[in-house]
Every structure is written in structure tokens, then in C-alpha cells.
Amino acid sequence: MGSSFVVRAAHAFDGEAFLPDGAQIHIEGDRIVEIRPRNAPLPEGQPVVERPGATVLPGLIDTHVHLVGGGEPDALSLDAGRSAAEREHVIRRALLAQVQAGVTTVRDLGDNRFAVLDRTVQHDEPSIVGSGPPITTADGHCAALGGGVSGRGALRAAVAERYDHGAQIVKVIVSGGAMTSGSDLLQVQFEVADVRVVVDEAHRRGLPVTAHAHPVSAVEVCLAAGVDAIEHCTCLTTNGIHTPDAVIAGLAARRVTVCPTFGRLPTLPPSPQAIEVMRRTGMTLEARFAQVGRLHTAGVPLLAGSDAGIHPAKPHGVLAHAVGELAGSGLPVQVAVAAATSAAAEACGLAGSVGRLRRGMVADLVVVDGDVERDVLALTRIRDVILRGSAVVSDAGSRAPS
């Protein structure tokens, strides 16, 4: 495949809507130069990748990954004992697994001491939007990743440090989390004034802030502090999920983007930690899906992000299942797929370059076997992945030279 070619598929999703007549996508170099209906005359002299029965769409964007996690039990704790070379091996393997699953951009929200931010993305790896190590309390959730701080002066310095390393977003851990031993995910770690310091310092530098929050009390802290986005947003209590109408209204009115961190291998159970949380609180997956459906109905912007890498049921490359779970929560299929394409690109600050099939956009594309509009899990059946104009996965999943 040369530097100029056409991909033609029976079905197409342009990042916002399904196209009724499929599409042919003309690529030159690393850009999309033209989009035509599938049956329009082909440009003369161009190689054509014919994919009858398939859907072409923008490359997927996983908005919540942990590249230093290799999918092992207790992956984030395990990372603390790795050497720099071992950690780089895990990061590289994670990125390649994402590409194989049709993911061409990842948002890394769990870096260890800037190992992800400070490396150079290779030609066959997804683009990376990174936060650096999550900002947490000194002994809080994810403190092993090097982001533990104490005091508001340290919070200000932490934001500045991430900016200096080139972070495109700041992540703050507002509540405990299940995947850190000794952390209680129902407890709030930072007060409103603390989180507001992070928000003010980040916004002053042009950076958005996303916050890890599980209990409803932490979500209320996030709203009061003015964060831009919330990861998980589970709204847990000791009696299951409880999302007050006022919280939903606040999220919708302020356009706070929520990533529910759906997506896991359906053949494996949730992690032991997640099972313990469900036992302790009475939370059910059905209640979680219903809650996310309420958020969508109220107009809260939702993203597809898988929390990939944190345990065996959430390895890298499960974003398609996150999209499927969003659709199963009541989102129309095109909205669920947009949560992994155009909406995800906007949340990552990349709306002008990826996430849509548009002339002039970066040629990040995925072709999947089947009609996604009628079968959203066709996204799990990858045929081709084109990354910045080069085929890195071709047909039945085999890697192709770029």
C-alpha cells in the first residue's frame, strides 16, 4: 500500500452519524483528502482496499487507559517494582494491543513518574494524550505511581510539574479506589478547596482537569470545585448507587464530561476488588447501566474509556466492549460510537485532527467486519487499522508493513 490509496466499505460512520451509502475514503500521506459515497466513481490510478460487508469509521479513542498496567491482577501495584526497561516493555506491549483493537489514540490517566509522557511515540503506536501521574494524597489511591502530595503548595507544584512535562490534562484522585490496598473508595481524599487549587492552577495553564470519583460525596466535591470531567462517577453509597437529581442536573448544566470506565472481557468476571465493592455496597451492574442511561437522558456528555490494563478482565484492547455497554445502557448506537470517536477527540483536545472522517483530518481509520449500526460488537471484529495514513493491521488482524 502506497502513500495514496482509497478505502471503500459498504458501511461508514463519520464520527457523528452513519452514512447511508457507505463510503470511499481517499488517503494521501497521513491525511484524508476526499470522502465520497461508496458507489461514486473511483479516482483513476489509485489502489483500492475493498471491504464489502464492512464498516469504516474513524480510529477509536480510549479515553481512560493505564499503559503501565499490563492486565495482571493488582497491575498498578505490580508496576511499582519494575525497572524503567521493564516498564517500557509493558507500555510498548499495551500500545500495540490497543492498535490491534482499532484504537489509534489513547488518553493515559495513570502514568508512573512520567514514563509515558517522557517517551517518544513510535510509528506503529497510537497517539497519546497523557496526564502524568495522578495527583493523590500522600498515601492515597494510586500513590504508588508517584503523584502523592500533601498541602496546597504541593498541589500547585504538582500541576506545574505536569505542565512542564507536557501533560495535556491533569488528573486528580478525589476519592479512594478499589485497586489500591488500604484505600477506601467510599472516602473523599480532597476537600473542595484542594480540588479548586488544582483546577485553578491547571486552567491558568490551559489544561483541563479530570477527577477520579466513586462516592456521591466525591462527585459533589468535583462539581463544587469546577472540574471539567469525572472518571467513574459511580455515585456509590453504603446502599448501592444513589445519584441525586441535583447532581445529574449539575453535571448536565456545567457540561461535565463523564467517563463511566465501562468495558471488560465478557468471558471473565470482574476483579476480586470490584466484586468486594459490589458485596459491600449492594451495587449491581444493572443499576450502574441504568444510572448511565439517566445521565445520557439528562444530557450529560459521556465518553468511552475502558480503564484498560488494571486487571485480567480489563486488558488493553477492550474499548469495543465499553461502547457496547454504553449502547446497552440506553444510548443510541451512533451516540455510543461517537463516545469513542468524535466526542472522545473533543475531550482529548483533538477535535480538529482526529475522531471524524473529514477532509484534512489525520488518516486514522479502522475497518471492522459487519454493520456497526445494527451490531455494535462488530467493533470487536477488526479487519484493518490505518494509523496516520499507514496500514498497521491488515484484513484478518495480521500486522502489515507501514
# chains A, B, ... in the order shown; residues from 1 in each chain; ligands from 1
>>> residues_around(residues="Val170 in chain A", least_positions_apart="5", cutoff="10 Å", atoms="only C-alpha atoms", output="list in words")
Leu109, Gly130, Ser131, Gly132, Pro133, Pro134, Ile135, Ala158, Val159, Arg162, Tyr163, Val198, Val199, Glu201, Ala202, His203, Leu207, Pro208, Val209, Thr210 and Ala211 of chain A
>>> residues_around(residues="range 314-323 of chain A", least_positions_apart="6", cutoff="9 Å", atoms="only C-alpha atoms", output="ChimeraX atom specification")
/A:60-62,65-67,69-72,93-103,260-266,270-271,303-308,333,336-337,339-340,376-380
>>> closest_residue(among="A:Ala85, A:Val366, A:Gly226, A:Ala193", to="Ser390 in chain A", atoms="only C-alpha atoms")
A:Val366
>>> select_by_dssp(residues="range 162-296 of chain A", states="strand (DSSP E or B)", output="NGL selection string")
:A and (170-173 or 175 or 188 or 209-215 or 229-237 or 240-241 or 257-259)
>>> write_last_selection(atoms="N, CA and C atoms", output="CSV table (one decimal), in the first residue's frame")
chain,number,residue,atom,x,y,z
A,170,VAL,N,-4.8,17.2,33.5
A,170,VAL,CA,-4.4,16.9,34.8
A,170,VAL,C,-5.5,16.0,35.4
A,171,LYS,N,-5.0,14.9,36.1
A,171,LYS,CA,-6.0,14.0,36.8
A,171,LYS,C,-5.7,14.1,38.3
A,172,VAL,N,-6.8,14.3,39.0
A,172,VAL,CA,-6.8,14.3,40.5
A,172,VAL,C,-7.7,13.3,41.1
A,173,ILE,N,-7.2,12.6,42.1
A,173,ILE,CA,-7.9,11.4,42.7
A,173,ILE,C,-8.7,12.0,43.9
A,175,SER,N,-11.4,10.6,45.4
A,175,SER,CA,-11.9,9.6,46.4
A,175,SER,C,-10.9,8.4,46.3
A,188,VAL,N,-13.7,10.4,50.7
A,188,VAL,CA,-13.2,11.5,50.0
A,188,VAL,C,-11.8,11.9,50.4
A,209,VAL,N,-9.1,19.5,33.7
A,209,VAL,CA,-8.9,18.6,34.9
A,209,VAL,C,-10.0,17.6,34.9
A,210,THR,N,-9.5,16.3,35.0
A,210,THR,CA,-10.5,15.2,35.2
A,210,THR,C,-10.2,14.7,36.6
A,211,ALA,N,-11.3,14.2,37.2
A,211,ALA,CA,-11.2,13.7,38.6
A,211,ALA,C,-11.8,12.3,38.8
A,212,HIS,N,-11.0,11.5,39.4
A,212,HIS,CA,-11.4,10.2,39.8
A,212,HIS,C,-12.4,10.3,41.0
A,213,ALA,N,-13.6,9.8,40.9
A,213,ALA,CA,-14.6,10.0,42.0
A,213,ALA,C,-15.6,8.8,41.9
A,214,HIS,N,-15.7,8.1,43.0
A,214,HIS,CA,-16.6,7.0,43.1
A,214,HIS,C,-17.8,7.3,44.0
A,215,PRO,N,-17.7,7.7,45.2
A,215,PRO,CA,-18.9,8.0,46.0
A,215,PRO,C,-19.6,9.3,45.6
A,229,ALA,N,-14.2,17.2,34.0
A,229,ALA,CA,-14.6,15.8,33.7
A,229,ALA,C,-14.5,15.0,34.9
A,230,ILE,N,-15.2,13.9,34.9
A,230,ILE,CA,-15.1,12.9,36.1
A,230,ILE,C,-15.0,11.5,35.5
A,231,GLU,N,-14.0,10.8,36.1
A,231,GLU,CA,-13.8,9.4,35.8
A,231,GLU,C,-14.6,8.6,36.8
A,232,HIS,N,-15.3,7.5,36.3
A,232,HIS,CA,-16.1,6.6,37.0
A,232,HIS,C,-17.5,7.3,37.4
A,233,CYS,N,-17.5,8.3,38.2
A,233,CYS,CA,-18.8,9.0,38.6
A,233,CYS,C,-19.8,8.0,39.0
A,234,THR,N,-19.4,7.0,39.9
A,234,THR,CA,-20.3,5.9,40.2
A,234,THR,C,-21.4,6.3,41.1
A,235,CYS,N,-21.2,7.4,41.9
A,235,CYS,CA,-22.2,7.9,42.9
A,235,CYS,C,-22.6,6.7,43.9
A,236,LEU,N,-21.6,6.1,44.4
A,236,LEU,CA,-21.8,5.0,45.4
A,236,LEU,C,-22.1,5.5,46.7
A,237,THR,N,-22.9,4.7,47.5
A,237,THR,CA,-23.1,4.9,48.9
A,237,THR,C,-23.0,3.5,49.5
A,240,GLY,N,-25.6,1.1,47.8
A,240,GLY,CA,-25.7,1.0,46.3
A,240,GLY,C,-25.5,2.4,45.7
A,241,ILE,N,-25.9,2.4,44.4
A,241,ILE,CA,-25.7,3.7,43.7
A,241,ILE,C,-26.9,4.6,44.0
A,257,THR,N,-17.9,16.3,31.5
A,257,THR,CA,-17.9,15.1,30.8
A,257,THR,C,-17.6,13.9,31.7
A,258,VAL,N,-18.4,12.8,31.6
A,258,VAL,CA,-18.3,11.7,32.4
A,258,VAL,C,-17.8,10.5,31.6
A,259,CYS,N,-16.8,9.8,32.1
A,259,CYS,CA,-16.3,8.5,31.5
A,259,CYS,C,-16.7,7.4,32.6
>>> closest_residue(among="A:Val7, A:Leu42, A:Leu57, A:Ala290", to="Arg356 in chain A", atoms="only C-alpha atoms")
A:Leu57
